[in-house]
Structure formats: C-alpha cells, structure tokens
>>> print(open('model08.cif').read())   # mmCIF, C-alpha atoms and all ligand atoms
data_data
#
loop_
_atom_site.label_atom_id
_atom_site.label_comp_id
_atom_site.auth_asym_id
_atom_site.auth_seq_id
_atom_site.Cartn_x
_atom_site.Cartn_y
_atom_site.Cartn_z
CA MET A 1 127.27 155.24 287.86
CA ALA A 2 127.69 156.15 284.17
CA ASP A 3 130.23 158.83 283.25
CA THR A 4 129.07 162.33 282.46
CA ILE A 5 129.86 163.09 278.80
CA LEU A 6 128.49 166.58 278.49
CA LYS A 7 127.66 169.23 281.04
CA ALA A 8 126.07 172.63 280.47
CA GLU A 9 126.50 175.00 283.42
CA HIS A 10 124.39 178.15 283.62
CA LEU A 11 124.43 178.70 279.84
CA THR A 12 123.21 182.12 278.82
CA LYS A 13 122.99 183.83 275.45
CA THR A 14 122.18 187.45 274.82
CA PHE A 15 121.84 188.66 271.24
CA ILE A 16 122.51 192.34 270.74
CA SER A 17 121.46 194.19 267.61
CA GLY A 18 121.73 197.95 267.77
CA LYS A 19 120.03 199.11 270.96
CA LYS A 20 117.98 195.93 271.30
CA THR A 21 119.06 193.02 273.46
CA LEU A 22 117.38 189.65 273.57
CA LYS A 23 118.09 186.99 276.18
CA ALA A 24 117.56 183.88 274.05
CA VAL A 25 118.91 181.42 276.67
CA ASP A 26 118.76 182.21 280.37
CA ASP A 27 120.78 180.13 282.87
CA VAL A 28 120.37 176.62 281.43
CA SER A 29 122.14 173.70 283.13
CA PHE A 30 122.00 169.97 282.38
CA GLU A 31 124.11 166.80 282.28
CA LEU A 32 124.28 164.05 279.69
CA LYS A 33 125.64 160.69 280.83
CA GLN A 34 127.13 157.94 278.68
CA GLY A 35 124.40 155.98 276.86
CA GLU A 36 121.72 158.60 277.48
CA CYS A 37 119.71 160.54 274.92
CA LEU A 38 118.61 164.01 275.87
CA GLY A 39 115.79 165.89 274.17
CA ILE A 40 115.26 169.60 274.63
CA VAL A 41 111.62 170.50 274.16
CA GLY A 42 110.09 173.95 273.99
CA GLU A 43 108.00 176.25 271.90
CA SER A 44 109.42 177.86 268.78
CA GLY A 45 111.83 180.65 269.70
CA SER A 46 112.47 179.36 273.23
CA GLY A 47 116.21 178.92 272.59
CA LYS A 48 116.66 175.19 271.77
CA SER A 49 118.77 175.74 268.65
CA THR A 50 120.82 178.46 270.36
CA ILE A 51 121.70 176.00 273.17
CA ALA A 52 122.83 173.39 270.62
CA LYS A 53 124.84 176.00 268.72
CA MET A 54 126.60 177.14 271.91
CA LEU A 55 127.44 173.53 272.82
CA THR A 56 129.07 173.04 269.41
CA HIS A 57 130.73 176.49 269.17
CA LEU A 58 128.59 177.59 266.24
CA GLU A 59 127.42 180.49 268.42
CA SER A 60 129.46 182.31 271.08
CA ILE A 61 128.60 181.84 274.75
CA THR A 62 127.59 184.97 276.65
CA ASP A 63 127.84 183.30 280.05
CA GLY A 64 128.20 179.85 281.58
CA LYS A 65 130.32 176.83 280.75
CA VAL A 66 130.38 173.75 278.55
CA ILE A 67 132.25 170.73 279.91
CA LEU A 68 132.91 167.87 277.46
CA LYS A 69 134.34 164.64 278.91
CA GLY A 70 135.58 166.57 281.96
CA LYS A 71 137.29 169.32 279.94
CA ASP A 72 136.11 172.91 279.95
CA ILE A 73 135.61 173.69 276.23
CA THR A 74 133.88 177.06 276.72
CA ASN A 75 136.73 179.18 275.36
CA ILE A 76 138.77 176.80 273.22
CA LYS A 77 139.89 177.88 269.75
CA GLY A 78 141.86 176.77 266.69
CA LYS A 79 143.43 173.31 266.74
CA GLU A 80 141.90 172.42 270.10
CA LEU A 81 138.46 173.33 268.80
CA ARG A 82 138.92 171.24 265.64
CA GLU A 83 139.89 168.30 267.84
CA ILE A 84 136.70 168.38 269.92
CA TYR A 85 134.65 167.89 266.73
CA ARG A 86 135.67 164.23 266.94
CA ASP A 87 133.44 164.07 270.03
CA ILE A 88 130.70 166.62 269.43
CA GLN A 89 129.06 167.66 266.17
CA MET A 90 125.80 169.07 264.96
CA VAL A 91 123.60 166.87 262.77
CA PHE A 92 121.15 169.16 261.03
CA GLN A 93 117.58 168.02 260.50
CA MET A 94 117.05 169.09 256.92
CA PRO A 95 118.88 166.80 254.47
CA MET A 96 118.63 169.27 251.59
CA GLU A 97 120.29 171.95 253.71
CA SER A 98 122.93 169.53 255.00
CA PHE A 99 124.19 168.32 251.62
CA ASP A 100 125.88 170.48 249.03
CA SER A 101 124.17 169.78 245.69
CA ARG A 102 127.52 170.29 243.89
CA CYS A 103 129.20 167.45 245.86
CA THR A 104 128.43 163.74 245.72
CA LEU A 105 126.67 162.19 248.70
CA GLY A 106 129.87 160.29 249.44
CA ASP A 107 131.89 163.52 249.63
CA GLY A 108 129.24 165.09 251.84
CA ILE A 109 129.01 162.16 254.23
CA GLY A 110 132.79 161.69 254.34
CA GLU A 111 133.75 165.36 254.71
CA SER A 112 134.05 165.31 258.50
CA LEU A 113 136.13 162.12 258.36
CA ARG A 114 138.52 163.68 255.81
CA ASN A 115 138.75 166.79 258.04
CA MET A 116 139.92 164.51 260.84
CA GLY A 117 142.80 163.31 258.65
CA ILE A 118 141.30 159.91 257.74
CA SER A 119 142.58 158.68 254.35
CA ARG A 120 140.48 158.84 251.20
CA THR A 121 140.32 155.02 250.99
CA GLU A 122 139.30 154.54 254.61
CA THR A 123 136.73 157.35 254.32
CA ARG A 124 135.20 155.70 251.25
CA ARG A 125 135.00 152.38 253.12
CA LYS A 126 133.26 154.01 256.09
CA VAL A 127 130.87 155.96 253.84
CA GLU A 128 129.83 152.76 252.02
CA GLU A 129 129.36 150.97 255.34
CA LEU A 130 127.19 153.83 256.65
CA LEU A 131 125.04 153.89 253.51
CA GLU A 132 124.47 150.14 253.76
CA ARG A 133 123.61 150.40 257.45
CA CYS A 134 120.92 152.89 256.43
CA GLY A 135 119.52 150.47 253.84
CA LEU A 136 120.98 152.35 250.84
CA GLU A 137 123.18 150.88 248.12
CA LYS A 138 126.82 151.87 248.40
CA GLU A 139 126.71 153.21 244.81
CA TYR A 140 124.70 156.14 246.19
CA ALA A 141 128.05 157.55 247.32
CA ASP A 142 128.70 158.66 243.73
CA ARG A 143 125.34 160.32 243.22
CA TYR A 144 124.42 163.94 243.74
CA PRO A 145 121.62 164.98 246.09
CA GLN A 146 118.63 166.32 244.21
CA ILE A 147 115.29 167.57 245.25
CA VAL A 148 112.12 166.85 243.33
CA TYR A 149 109.27 169.26 243.88
CA LEU A 150 105.81 167.86 243.26
CA SER A 151 102.81 170.02 243.29
CA CYS A 152 99.22 168.88 243.33
CA VAL A 153 96.33 171.09 242.34
N1 LIG A 201 121.59 185.08 265.34
C1 LIG A 201 120.56 185.61 266.02
N2 LIG A 201 120.47 186.94 266.21
C2 LIG A 201 119.46 187.47 266.93
N3 LIG A 201 118.47 186.75 267.50
C3 LIG A 201 118.52 185.42 267.33
C4 LIG A 201 119.56 184.77 266.57
N4 LIG A 201 119.34 183.42 266.59
C5 LIG A 201 118.21 183.24 267.30
N5 LIG A 201 117.72 184.41 267.74
C6 LIG A 201 116.53 184.61 268.57
O1 LIG A 201 116.72 183.86 269.77
C7 LIG A 201 115.51 183.26 270.19
C8 LIG A 201 115.70 181.76 270.30
O2 LIG A 201 115.86 181.22 269.00
P1 LIG A 201 116.14 179.69 268.72
O3 LIG A 201 117.28 179.25 269.58
O4 LIG A 201 116.30 179.54 267.24
O5 LIG A 201 114.80 179.01 269.24
P2 LIG A 201 114.21 177.55 268.97
O6 LIG A 201 115.28 176.70 268.35
O7 LIG A 201 113.76 177.05 270.31
O8 LIG A 201 113.05 177.75 268.03
C9 LIG A 201 114.45 183.68 269.17
O9 LIG A 201 113.77 184.80 269.67
C10 LIG A 201 115.27 184.05 267.95
O10 LIG A 201 114.61 185.00 267.15
MG MG A 202 115.31 175.65 266.49
#
>>> encode(input="model08.cif", output="structure tokens", more="lines below")
Ligand SMILES: Nc1ncnc2c1ncn2[C@@H]1O[C@H](COP(=O)(O)OP(=O)(O)O)[C@@H](O)[C@H]1O
Ligand SMILES: [Mg+2]
Amino acid sequence: MADTILKAEHLTKTFISGKKTLKAVDDVSFELKQGECLGIVGESGSGKSTIAKMLTHLESITDGKVILKGKDITNIKGKELREIYRDIQMVFQMPMESFDSRCTLGDGIGESLRNMGISRTETRRKVEELLERCGLEKEYADRYPQIVYLSCV
C-alpha cells in the first residue's frame, strides 16, 4: 500500500471579525497517498482555498491537525516551518499574481530554490531546465513578466 504523504484531521477554521464569526471550514479530514492527485471541489466560498492555506501555514488553524510525511506540522514555526516548504508549497493559479513584474521570470521561478540555500548557478540551471520542459526558451529567464490588455469593441 502506498505511503500517506499528507493527512488532514478534523480541520476547522473560524474567522472572527468584531462580533461576527464565520465557520469557513468545518471538520474536514482526508488523506493523500504517494502518487495520488487530490482535487477539492465545491461552490465559491465553501472553504477550498482556506483548507489549502491551512495546509501550507498561510492561514492559522482553529482546530484539527495537519500531518505531513508522518510528522505533525500543525503548530510548527520558524526554521522548522521553513524546512517543510521543501515538501509542501502553494502554486497559485494566476500567473500575473504569482510573478513580481519588477523581477525577471528566472528570479521568480528560482526564488524558492534560493530560499532553500541552493546556489545561484544551480538555481539558474534548474530554472532553464524547467522552462525548457514547459516548451519555453531558456532565455525567457532574463525577461520580465508583462501583461497585455486587449479590448475589443
Ligand atoms: N481572511 C478572511 N477573513 C474572513 N473571512 C474569510 C477570509 N478568507 C475567506 N473568508 C471567508 O471564508 C469562506 C470560505 O472562503 P474560501 O476558502 O476563499 O472559499 P473558496 O476557495 O471555496 O471559494 C468565505 O465565506 C469567505 O468569505
Ligand atoms: Mg478559492
């Protein structure tokens, strides 16, 4: 049987603003095994993004646990938290929100590798390899992301 990589146990999130409380996620549990893809489907506002943010520590957890590769990561902080980002990271959907327009694409793609202590040369090599795997020329690493708005009337 394949190993369990990620486990959510009774995840709950309550947002509090002033006197109002909102239970955005209510007792969600699931397991992700090696080699599996898991999709979370639900109507807008049903708590999908909040679950993903709790799993990756971008949002605090009101209740429940997150177990990554057998380790309880629910309350980890600091150096330990930085280390888990080798194994779990958010990939945001919107490319124009994911890239900083003041940085080259290469710097943007390689940022998480540099944060892990990988050398500049090795990062550049991996960035070029990734661009080529995506069907893009490696020279794109030196370009800046730009958006072109077209409007039709
Ligand atoms: N930071 C926040 N503060 C208060 N309420 C929030 C916050 N983030 C999300 N919510 C609320 O939590 C609910 C779930 O949101 P979200 O997880 O973004 O849903 P989904 O990704 O499924 O569209 C929504 O009602 C949303 O308005
Ligand atoms: Mg969402």
>>> residues_near_ligand(input="model08.cif", ligand="ligand MG 202 (chain A)", cutoff="9 Å", atoms="only C-alpha atoms and all ligand atoms", output="PyMOL selection string")
chain A and resi 44-50+52
>>> residues_near_ligand(input="model08.cif", ligand="ligand LIG 201 (chain A)", cutoff="10 Å", atoms="only C-alpha atoms and all ligand atoms", output="PyMOL selection string")
chain A and resi 13-17+20-25+40-54+59
>>> closest_residue(input="model08.cif", among="A:Leu11, A:Val127, A:Ile5, A:Ile76", to="A:Asp26", atoms="only C-alpha atoms")
A:Leu11
>>> atom_distance(input="model08.cif", atom1="atom CA of A:Gln146", atom2="atom CA of A:Gly106")
13.8 Å
>>> atom_distance(input="model08.cif", atom1="atom CA of A:His10", atom2="atom CA of A:Phe30")
8.6 Å
>>> atom_distance(input="model08.cif", atom1="atom CA of A:Leu136", atom2="atom CA of A:Gln34")
29.1 Å
